[in-house]
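protein19.cif (mmCIF, N, CA and C atoms)
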data_start
#
loop_
_atom_site.label_atom_id
_atom_site.label_comp_id
_atom_site.auth_asym_id
_atom_site.auth_seq_id
_atom_site.Cartn_x
_atom_site.Cartn_y
_atom_site.Cartn_z
N MET A 19 12.40 190.68 86.93
CA MET A 19 11.33 189.85 87.41
C MET A 19 11.60 188.37 87.13
N LYS A 20 12.18 188.06 85.96
CA LYS A 20 12.47 186.68 85.62
C LYS A 20 13.51 186.10 86.56
N ILE A 21 14.49 186.90 86.94
CA ILE A 21 15.53 186.41 87.84
C ILE A 21 14.96 186.10 89.22
N LEU A 22 13.96 186.85 89.65
CA LEU A 22 13.31 186.59 90.94
C LEU A 22 12.58 185.24 90.90
N ILE A 23 12.00 184.90 89.78
CA ILE A 23 11.30 183.62 89.64
C ILE A 23 12.30 182.47 89.71
N VAL A 24 13.50 182.66 89.24
CA VAL A 24 14.53 181.63 89.27
C VAL A 24 15.15 181.52 90.66
N ILE A 25 15.41 182.64 91.31
CA ILE A 25 16.11 182.64 92.59
C ILE A 25 15.19 182.28 93.76
N PHE A 26 13.93 182.65 93.72
CA PHE A 26 13.02 182.41 94.84
C PHE A 26 12.90 180.93 95.22
N PRO A 27 12.68 180.00 94.26
CA PRO A 27 12.61 178.58 94.66
C PRO A 27 13.92 178.08 95.26
N TYR A 28 15.05 178.56 94.75
CA TYR A 28 16.34 178.16 95.31
C TYR A 28 16.46 178.61 96.77
N LEU A 29 16.09 179.84 97.05
CA LEU A 29 16.16 180.34 98.42
C LEU A 29 15.18 179.62 99.33
N LEU A 30 14.03 179.28 98.80
CA LEU A 30 13.03 178.57 99.59
C LEU A 30 13.49 177.16 99.94
N LEU A 31 14.07 176.45 98.99
CA LEU A 31 14.51 175.07 99.21
C LEU A 31 15.83 174.97 99.95
N SER A 32 16.64 176.00 99.91
CA SER A 32 17.96 175.93 100.56
C SER A 32 17.88 176.10 102.07
N GLN A 33 16.72 176.43 102.62
CA GLN A 33 16.57 176.62 104.05
C GLN A 33 16.31 175.31 104.79
N GLY A 34 16.15 174.20 104.10
CA GLY A 34 15.83 172.93 104.72
C GLY A 34 17.03 172.30 105.41
N LEU A 35 16.75 171.30 106.20
CA LEU A 35 17.78 170.55 106.92
C LEU A 35 18.19 169.36 106.09
N HIS A 36 19.48 169.20 105.92
CA HIS A 36 20.02 168.12 105.10
C HIS A 36 20.85 167.19 105.98
N VAL A 37 20.56 165.88 105.93
CA VAL A 37 21.30 164.88 106.70
C VAL A 37 21.99 163.95 105.72
N GLU A 38 23.29 163.70 105.95
CA GLU A 38 24.00 162.76 105.09
C GLU A 38 24.62 161.65 105.93
N SER A 39 24.61 160.45 105.36
CA SER A 39 25.14 159.25 106.00
C SER A 39 26.28 158.73 105.13
N ILE A 40 27.49 158.63 105.71
CA ILE A 40 28.68 158.27 104.93
C ILE A 40 29.42 157.13 105.63
N LEU A 41 29.78 156.10 104.87
CA LEU A 41 30.66 155.04 105.34
C LEU A 41 32.04 155.27 104.75
N ASP A 42 33.10 155.01 105.52
CA ASP A 42 34.44 155.21 104.99
C ASP A 42 34.83 154.13 103.99
N THR A 43 34.17 152.98 104.02
CA THR A 43 34.40 151.92 103.05
C THR A 43 33.13 151.09 102.91
N ASN A 44 32.97 150.44 101.80
CA ASN A 44 31.82 149.56 101.64
C ASN A 44 32.25 148.10 101.53
N HIS A 45 33.55 147.83 101.74
CA HIS A 45 34.06 146.46 101.76
C HIS A 45 35.16 146.37 102.81
N ALA A 46 35.02 145.42 103.73
CA ALA A 46 36.01 145.26 104.79
C ALA A 46 36.13 143.78 105.13
N TYR A 47 37.04 143.46 106.04
CA TYR A 47 37.25 142.09 106.49
C TYR A 47 36.71 141.93 107.91
N ILE A 48 36.56 140.70 108.34
CA ILE A 48 36.04 140.41 109.68
C ILE A 48 36.91 141.13 110.72
N GLY A 49 36.27 141.88 111.60
CA GLY A 49 36.97 142.57 112.68
C GLY A 49 37.50 143.94 112.32
N ASP A 50 37.50 144.32 111.05
CA ASP A 50 37.95 145.67 110.67
C ASP A 50 36.98 146.71 111.21
N ILE A 51 37.51 147.88 111.51
CA ILE A 51 36.68 148.97 112.01
C ILE A 51 36.22 149.83 110.84
N ILE A 52 34.92 150.01 110.73
CA ILE A 52 34.32 150.84 109.69
C ILE A 52 33.78 152.09 110.37
N THR A 53 34.08 153.26 109.81
CA THR A 53 33.60 154.51 110.37
C THR A 53 32.35 154.96 109.64
N TRP A 54 31.30 155.17 110.39
CA TRP A 54 30.01 155.62 109.87
C TRP A 54 29.77 157.03 110.39
N THR A 55 29.66 157.99 109.48
CA THR A 55 29.49 159.40 109.84
C THR A 55 28.11 159.88 109.44
N ILE A 56 27.45 160.56 110.38
CA ILE A 56 26.14 161.17 110.13
C ILE A 56 26.29 162.65 110.42
N LYS A 57 26.03 163.49 109.41
CA LYS A 57 26.22 164.94 109.54
C LYS A 57 24.99 165.69 109.05
N THR A 58 24.80 166.87 109.60
CA THR A 58 23.77 167.78 109.11
C THR A 58 24.45 169.05 108.62
N ASN A 59 23.74 169.81 107.78
CA ASN A 59 24.32 171.07 107.32
C ASN A 59 24.43 172.02 108.51
N LYS A 60 25.48 172.82 108.51
CA LYS A 60 25.86 173.61 109.67
C LYS A 60 24.90 174.76 109.96
N ASN A 61 24.45 175.45 108.97
CA ASN A 61 23.64 176.65 109.17
C ASN A 61 22.14 176.36 109.05
N GLN A 62 21.64 175.45 109.86
CA GLN A 62 20.24 175.09 109.74
C GLN A 62 19.34 175.87 110.69
N ASN A 63 19.88 176.57 111.69
CA ASN A 63 19.11 177.35 112.67
C ASN A 63 18.10 176.48 113.41
N ARG A 64 18.41 175.20 113.57
CA ARG A 64 17.56 174.27 114.30
C ARG A 64 18.44 173.52 115.30
N ARG A 65 17.85 173.13 116.41
CA ARG A 65 18.57 172.32 117.38
C ARG A 65 18.42 170.86 116.98
N VAL A 66 19.55 170.16 116.88
CA VAL A 66 19.55 168.79 116.42
C VAL A 66 20.19 167.92 117.51
N PHE A 67 19.57 166.77 117.80
CA PHE A 67 20.11 165.83 118.77
C PHE A 67 20.42 164.53 118.05
N TYR A 68 21.62 163.98 118.32
CA TYR A 68 22.08 162.74 117.71
C TYR A 68 22.07 161.64 118.77
N PRO A 69 21.08 160.73 118.74
CA PRO A 69 21.03 159.66 119.74
C PRO A 69 22.22 158.70 119.60
N ILE A 70 22.56 158.07 120.70
CA ILE A 70 23.67 157.11 120.72
C ILE A 70 23.09 155.71 120.59
N LEU A 71 23.67 154.91 119.71
CA LEU A 71 23.21 153.54 119.50
C LEU A 71 23.78 152.64 120.59
N LYS A 72 23.10 151.53 120.85
CA LYS A 72 23.59 150.58 121.84
C LYS A 72 24.84 149.88 121.34
N LYS A 73 25.64 149.36 122.25
CA LYS A 73 26.96 148.81 121.93
C LYS A 73 26.91 147.49 121.16
N GLU A 74 26.06 146.57 121.53
CA GLU A 74 26.06 145.25 120.92
C GLU A 74 24.77 145.01 120.14
N ASP A 75 24.89 144.24 119.09
CA ASP A 75 23.74 143.86 118.29
C ASP A 75 23.80 142.36 118.05
N ASP A 76 22.68 141.69 117.98
CA ASP A 76 22.68 140.24 117.83
C ASP A 76 22.87 139.78 116.39
N LYS A 77 23.05 140.68 115.46
CA LYS A 77 23.18 140.31 114.05
C LYS A 77 24.65 140.23 113.61
N GLY A 78 25.59 140.15 114.55
CA GLY A 78 27.00 140.08 114.20
C GLY A 78 27.64 141.43 113.99
N LEU A 79 26.93 142.50 114.27
CA LEU A 79 27.44 143.86 114.09
C LEU A 79 27.55 144.51 115.47
N SER A 80 28.70 145.13 115.74
CA SER A 80 28.92 145.78 117.04
C SER A 80 29.25 147.25 116.83
N ILE A 81 28.69 148.09 117.68
CA ILE A 81 29.06 149.50 117.73
C ILE A 81 30.16 149.61 118.78
N LEU A 82 31.38 149.89 118.35
CA LEU A 82 32.51 149.91 119.28
C LEU A 82 32.66 151.24 120.00
N ASN A 83 32.43 152.33 119.29
CA ASN A 83 32.69 153.65 119.84
C ASN A 83 31.84 154.68 119.11
N HIS A 84 31.69 155.85 119.72
CA HIS A 84 31.01 156.96 119.06
C HIS A 84 31.67 158.26 119.51
N SER A 85 31.59 159.27 118.67
CA SER A 85 32.10 160.60 119.03
C SER A 85 31.31 161.65 118.26
N LEU A 86 31.13 162.79 118.89
CA LEU A 86 30.41 163.89 118.25
C LEU A 86 31.35 164.66 117.34
N ILE A 87 30.81 165.20 116.27
CA ILE A 87 31.58 166.01 115.33
C ILE A 87 31.27 167.47 115.62
N MET A 88 32.28 168.22 115.99
CA MET A 88 32.10 169.62 116.35
C MET A 88 32.74 170.52 115.29
N ASP A 89 32.09 171.66 115.03
CA ASP A 89 32.63 172.67 114.13
C ASP A 89 32.35 174.03 114.75
N GLN A 90 33.40 174.70 115.18
CA GLN A 90 33.30 176.01 115.84
C GLN A 90 32.32 175.94 117.02
N LYS A 91 32.56 174.98 117.90
CA LYS A 91 31.76 174.77 119.12
C LYS A 91 30.30 174.46 118.84
N GLU A 92 30.01 173.96 117.66
CA GLU A 92 28.65 173.59 117.29
C GLU A 92 28.65 172.13 116.86
N ASN A 93 27.71 171.35 117.39
CA ASN A 93 27.60 169.94 117.07
C ASN A 93 26.93 169.79 115.70
N ILE A 94 27.67 169.22 114.74
CA ILE A 94 27.12 169.05 113.39
C ILE A 94 26.96 167.59 112.98
N GLY A 95 27.30 166.65 113.88
CA GLY A 95 27.17 165.25 113.50
C GLY A 95 27.67 164.31 114.56
N ILE A 96 27.63 163.03 114.23
CA ILE A 96 28.12 161.98 115.11
C ILE A 96 28.84 160.94 114.25
N LYS A 97 29.83 160.31 114.85
CA LYS A 97 30.64 159.31 114.15
C LYS A 97 30.62 158.03 114.97
N PHE A 98 30.29 156.91 114.31
CA PHE A 98 30.26 155.60 114.96
C PHE A 98 31.36 154.73 114.37
N GLU A 99 31.96 153.89 115.23
CA GLU A 99 32.90 152.87 114.77
C GLU A 99 32.18 151.53 114.84
N ILE A 100 32.11 150.83 113.71
CA ILE A 100 31.37 149.59 113.58
C ILE A 100 32.34 148.46 113.25
N ALA A 101 32.12 147.29 113.84
CA ALA A 101 32.87 146.09 113.48
C ALA A 101 31.88 144.95 113.32
N CYS A 102 32.17 144.06 112.35
CA CYS A 102 31.32 142.90 112.11
C CYS A 102 32.14 141.64 112.34
N TRP A 103 31.49 140.61 112.86
CA TRP A 103 32.21 139.41 113.27
C TRP A 103 31.82 138.18 112.46
N ASP A 104 31.24 138.40 111.29
CA ASP A 104 30.89 137.29 110.40
C ASP A 104 30.88 137.84 108.97
N THR A 105 31.01 136.95 108.00
CA THR A 105 31.00 137.39 106.60
C THR A 105 29.57 137.62 106.14
N GLY A 106 29.43 138.41 105.08
CA GLY A 106 28.12 138.65 104.51
C GLY A 106 27.91 140.11 104.17
N THR A 107 26.71 140.43 103.78
CA THR A 107 26.32 141.80 103.46
C THR A 107 25.51 142.35 104.62
N TYR A 108 25.88 143.54 105.07
CA TYR A 108 25.25 144.16 106.23
C TYR A 108 24.68 145.52 105.85
N LEU A 109 23.76 146.00 106.66
CA LEU A 109 23.23 147.34 106.56
C LEU A 109 23.55 148.08 107.86
N THR A 110 23.79 149.38 107.75
CA THR A 110 23.98 150.16 108.96
C THR A 110 22.68 150.12 109.77
N PRO A 111 22.78 150.23 111.08
CA PRO A 111 21.56 150.16 111.90
C PRO A 111 20.58 151.28 111.57
N ASP A 112 19.31 151.03 111.87
CA ASP A 112 18.29 152.08 111.71
C ASP A 112 18.64 153.22 112.65
N TYR A 113 18.62 154.42 112.12
CA TYR A 113 19.02 155.59 112.92
C TYR A 113 18.16 156.78 112.51
N HIS A 114 17.88 157.63 113.45
CA HIS A 114 17.15 158.85 113.16
C HIS A 114 17.75 159.99 113.96
N VAL A 115 17.69 161.17 113.39
CA VAL A 115 18.16 162.39 114.02
C VAL A 115 16.93 163.10 114.59
N GLU A 116 17.05 163.59 115.81
CA GLU A 116 15.93 164.26 116.46
C GLU A 116 16.05 165.77 116.29
N ILE A 117 15.03 166.39 115.72
CA ILE A 117 14.96 167.84 115.57
C ILE A 117 14.15 168.37 116.74
N LEU A 118 14.73 169.31 117.48
CA LEU A 118 14.11 169.82 118.70
C LEU A 118 13.51 171.20 118.49
N LYS A 119 12.47 171.49 119.26
CA LYS A 119 11.89 172.83 119.27
C LYS A 119 12.77 173.74 120.13
N ASN A 120 12.46 175.01 120.16
CA ASN A 120 13.25 175.96 120.95
C ASN A 120 13.22 175.65 122.45
N ASP A 121 12.13 175.05 122.92
CA ASP A 121 12.04 174.72 124.35
C ASP A 121 12.69 173.39 124.69
N GLY A 122 13.25 172.68 123.69
CA GLY A 122 13.95 171.42 123.91
C GLY A 122 13.10 170.18 123.72
N SER A 123 11.82 170.33 123.47
CA SER A 123 10.96 169.17 123.24
C SER A 123 11.13 168.69 121.79
N LEU A 124 10.75 167.45 121.57
CA LEU A 124 10.90 166.83 120.25
C LEU A 124 9.94 167.43 119.25
N ASP A 125 10.47 167.87 118.10
CA ASP A 125 9.64 168.43 117.03
C ASP A 125 9.36 167.36 115.99
N LEU A 126 10.43 166.73 115.46
CA LEU A 126 10.26 165.67 114.48
C LEU A 126 11.49 164.79 114.44
N LEU A 127 11.31 163.59 113.87
CA LEU A 127 12.40 162.63 113.68
C LEU A 127 12.73 162.57 112.20
N LEU A 128 14.02 162.65 111.89
CA LEU A 128 14.47 162.58 110.51
C LEU A 128 15.22 161.27 110.34
N ASP A 129 14.70 160.35 109.52
CA ASP A 129 15.35 159.06 109.30
C ASP A 129 16.61 159.24 108.47
N VAL A 130 17.63 158.47 108.83
CA VAL A 130 18.90 158.49 108.10
C VAL A 130 18.91 157.29 107.17
N ARG A 131 19.34 157.52 105.94
CA ARG A 131 19.38 156.45 104.94
C ARG A 131 20.39 155.38 105.36
N THR A 132 19.98 154.12 105.29
CA THR A 132 20.89 153.02 105.64
C THR A 132 21.89 152.81 104.52
N GLN A 133 23.08 152.37 104.89
CA GLN A 133 24.15 152.11 103.95
C GLN A 133 24.46 150.61 103.95
N GLU A 134 24.71 150.05 102.79
CA GLU A 134 25.04 148.64 102.68
C GLU A 134 26.55 148.47 102.55
N PHE A 135 27.10 147.46 103.23
CA PHE A 135 28.52 147.15 103.11
C PHE A 135 28.73 145.65 103.20
N LYS A 136 29.87 145.20 102.71
CA LYS A 136 30.15 143.77 102.62
C LYS A 136 31.34 143.43 103.50
N ILE A 137 31.24 142.31 104.21
CA ILE A 137 32.31 141.82 105.06
C ILE A 137 32.79 140.49 104.48
N SER A 138 34.10 140.38 104.26
CA SER A 138 34.70 139.17 103.70
C SER A 138 35.68 138.57 104.71
N SER A 139 36.07 137.35 104.43
CA SER A 139 37.09 136.69 105.24
C SER A 139 38.44 136.91 104.58
N ILE A 140 39.46 137.10 105.40
CA ILE A 140 40.81 137.28 104.85
C ILE A 140 41.31 135.98 104.23
N LEU A 141 40.74 134.84 104.66
CA LEU A 141 41.15 133.55 104.11
C LEU A 141 40.75 133.39 102.64
N SER A 142 39.77 134.15 102.18
CA SER A 142 39.36 134.03 100.79
C SER A 142 40.38 134.65 99.84
N ASN A 143 41.32 135.43 100.37
CA ASN A 143 42.33 136.08 99.52
C ASN A 143 43.62 135.30 99.40
N ILE A 144 43.85 134.31 100.24
CA ILE A 144 45.10 133.57 100.15
C ILE A 144 44.91 132.34 99.27
N GLU A 145 46.01 131.86 98.67
CA GLU A 145 45.92 130.76 97.72
C GLU A 145 45.62 129.43 98.40
N ASP A 146 46.23 129.17 99.57
CA ASP A 146 46.06 127.90 100.27
C ASP A 146 45.46 128.17 101.64
N PRO A 147 44.13 128.09 101.77
CA PRO A 147 43.50 128.41 103.07
C PRO A 147 43.61 127.31 104.11
N ASP A 148 44.24 126.16 103.76
CA ASP A 148 44.39 125.07 104.73
C ASP A 148 45.39 125.44 105.81
N PHE A 149 45.24 124.78 106.95
CA PHE A 149 46.19 125.02 108.04
C PHE A 149 47.55 124.45 107.67
N ARG A 150 48.57 125.11 108.09
CA ARG A 150 49.93 124.67 107.81
C ARG A 150 50.46 123.89 109.01
N PRO A 151 51.41 122.96 108.79
CA PRO A 151 51.94 122.19 109.93
C PRO A 151 52.74 123.10 110.87
N ILE A 152 52.70 122.74 112.14
CA ILE A 152 53.43 123.50 113.15
C ILE A 152 54.89 123.08 113.12
N MET A 153 55.79 124.07 113.13
CA MET A 153 57.23 123.79 113.15
C MET A 153 57.66 123.48 114.57
N GLY A 154 58.63 122.62 114.68
CA GLY A 154 59.19 122.30 115.99
C GLY A 154 60.11 123.42 116.47
N PRO A 155 60.61 123.30 117.71
CA PRO A 155 61.49 124.34 118.24
C PRO A 155 62.81 124.40 117.47
N VAL A 156 63.38 125.58 117.38
CA VAL A 156 64.65 125.80 116.70
C VAL A 156 65.73 125.86 117.77
N SER A 157 66.82 125.11 117.55
CA SER A 157 67.90 125.11 118.54
C SER A 157 68.67 126.44 118.44
N VAL A 158 69.09 126.91 119.61
CA VAL A 158 69.81 128.19 119.71
C VAL A 158 71.15 127.92 120.36
N LYS A 159 72.22 128.53 119.80
CA LYS A 159 73.54 128.38 120.42
C LYS A 159 73.62 129.23 121.67
N PRO A 160 74.16 128.71 122.75
CA PRO A 160 74.27 129.52 123.94
C PRO A 160 75.33 130.63 123.75
N VAL A 161 75.15 131.74 124.43
CA VAL A 161 76.08 132.84 124.33
C VAL A 161 77.40 132.48 124.98
N PHE A 162 77.34 131.88 126.16
CA PHE A 162 78.55 131.40 126.86
C PHE A 162 78.57 129.89 126.84
N PRO A 163 79.52 129.31 126.10
CA PRO A 163 79.54 127.83 126.04
C PRO A 163 79.86 127.26 127.43
N LEU A 164 79.22 126.20 127.78
CA LEU A 164 79.46 125.54 129.08
C LEU A 164 80.23 124.28 128.91
#

Would you kindly transcribe this structure into structure tokens?
Amino acid sequence: MKILIVIFPYLLLSQGLHVESILDTNHAYIGDIITWTIKTNKNQNRRVFYPILKKEDDKGLSILNHSLIMDQKENIGIKFEIACWDTGTYLTPDYHVEILKNDGSLDLLLDVRTQEFKISSILSNIEDPDFRPIMGPVSVKPVFPL
């Protein structure tokens, strides 16, 4: 009887839908591609729809590409490629996963936790960020002397 009291809450709570939001890095440089993955647990017995985000954002963050994550012909997530065009600290866009009823209508929206990441300039890593003088043309010997 005691073991049933311990196992029952675990079985009850393990039937829920779990959504995870993962960034491949939390520090990148201007123009680098950051992969943002949103996944749900595979055996949830619920229909899940992953909306597609718009391509451009006015905050210096762009969604370059997206692809669905499949496991044994079952959609378990979506992957976005993000690039930022200015330095600073950014948050992943607001995103929600749609849980559908058996008839395909919307049952509920599950918000995905936003992730914070930092974008730096590559110029901050070099010792002398000033522009260097342009070199003149280099003379080349002809192959066949004239």

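Between atom CA of Leu109 of chain A and atom CA of Ile140 of chain A there is a distance of 20.3 Å.
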
Around all the atoms of segment 119-135 of chain A listed in the file, draw an axis-aligned box and extend it by 3 Å on each of the six sides; I want its centre and edge lengths in Å to one decimal, as AutoDock Vina command-line options.
--center_x 19.0 --center_y 160.8 --center_z 113.6 --size_x 25.4 --size_y 36.3 --size_z 28.1

To verify the selection step, state as a list in words which residues the PyMOL selection byres ((chain A and resi 115-129) around 8) yields on this input.
Val37, Arg64, Arg65, Val66, Phe67, Tyr68, Pro69, Asp112, Tyr113, His114, Val130, Arg131 and Thr132 of chain A

Take the residues just selected and output them with N, CA and C atoms as an mmCIF file, in the frame of the given file.
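Done, and the output landed in part37.cif:
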data_model
loop_
_atom_site.group_PDB
_atom_site.id
_atom_site.type_symbol
_atom_site.label_atom_id
_atom_site.label_comp_id
_atom_site.auth_asym_id
_atom_site.auth_seq_id
_atom_site.Cartn_x
_atom_site.Cartn_y
_atom_site.Cartn_z
ATOM 1 N N VAL A 37 20.560 165.880 105.930
ATOM 2 C CA VAL A 37 21.300 164.880 106.700
ATOM 3 C C VAL A 37 21.990 163.950 105.720
ATOM 4 N N ARG A 64 18.410 175.200 113.570
ATOM 5 C CA ARG A 64 17.560 174.270 114.300
ATOM 6 C C ARG A 64 18.440 173.520 115.300
ATOM 7 N N ARG A 65 17.850 173.130 116.410
ATOM 8 C CA ARG A 65 18.570 172.320 117.380
ATOM 9 C C ARG A 65 18.420 170.860 116.980
ATOM 10 N N VAL A 66 19.550 170.160 116.880
ATOM 11 C CA VAL A 66 19.550 168.790 116.420
ATOM 12 C C VAL A 66 20.190 167.920 117.510
ATOM 13 N N PHE A 67 19.570 166.770 117.800
ATOM 14 C CA PHE A 67 20.110 165.830 118.770
ATOM 15 C C PHE A 67 20.420 164.530 118.050
ATOM 16 N N TYR A 68 21.620 163.980 118.320
ATOM 17 C CA TYR A 68 22.080 162.740 117.710
ATOM 18 C C TYR A 68 22.070 161.640 118.770
ATOM 19 N N PRO A 69 21.080 160.730 118.740
ATOM 20 C CA PRO A 69 21.030 159.660 119.740
ATOM 21 C C PRO A 69 22.220 158.700 119.600
ATOM 22 N N ASP A 112 19.310 151.030 111.870
ATOM 23 C CA ASP A 112 18.290 152.080 111.710
ATOM 24 C C ASP A 112 18.640 153.220 112.650
ATOM 25 N N TYR A 113 18.620 154.420 112.120
ATOM 26 C CA TYR A 113 19.020 155.590 112.920
ATOM 27 C C TYR A 113 18.160 156.780 112.510
ATOM 28 N N HIS A 114 17.880 157.630 113.450
ATOM 29 C CA HIS A 114 17.150 158.850 113.160
ATOM 30 C C HIS A 114 17.750 159.990 113.960
ATOM 31 N N VAL A 130 17.630 158.470 108.830
ATOM 32 C CA VAL A 130 18.900 158.490 108.100
ATOM 33 C C VAL A 130 18.910 157.290 107.170
ATOM 34 N N ARG A 131 19.340 157.520 105.940
ATOM 35 C CA ARG A 131 19.380 156.450 104.940
ATOM 36 C C ARG A 131 20.390 155.380 105.360
ATOM 37 N N THR A 132 19.980 154.120 105.290
ATOM 38 C CA THR A 132 20.890 153.020 105.640
ATOM 39 C C THR A 132 21.890 152.810 104.520
#

Distance in Å - atom C of Cys102 of chain A versus atom C of Trp54 of chain A:
15.7 Å

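Computed from the coordinates, the atom C of Thr58 of chain A to atom C of Lys91 of chain A distance equals 13.0 Å.
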
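Remark: for Ile94 of chain A, the closest of the candidate residues A:Val158, A:Ile56, A:Ile137, A:Met153 is A:Ile56 (distances computed over only C-alpha atoms).
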
Picked residues, the PyMOL selection byres ((chain A and resi 103-108) around 6.5), as a PyMOL selection string:
chain A and resi 48-49+78-80+101-102+109-110+133-139

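Closest approach to Ile70 of chain A among A:Leu35, A:Ile100, A:Leu86, A:Ile152: A:Leu86, based on only C-alpha atoms.
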
What residues in segment 92-164 of chain A get the DSSP label strand (DSSP E)? Please answer as an MDAnalysis selection string.
chainID A and resid 92:102 106:109 114:118 124:129 134:138

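The smallest atom-to-atom distance between Ile51 of chain A and any of A:Glu38, A:Phe98, A:Val161, A:Glu92, using all atoms listed in the file, is found for A:Phe98.
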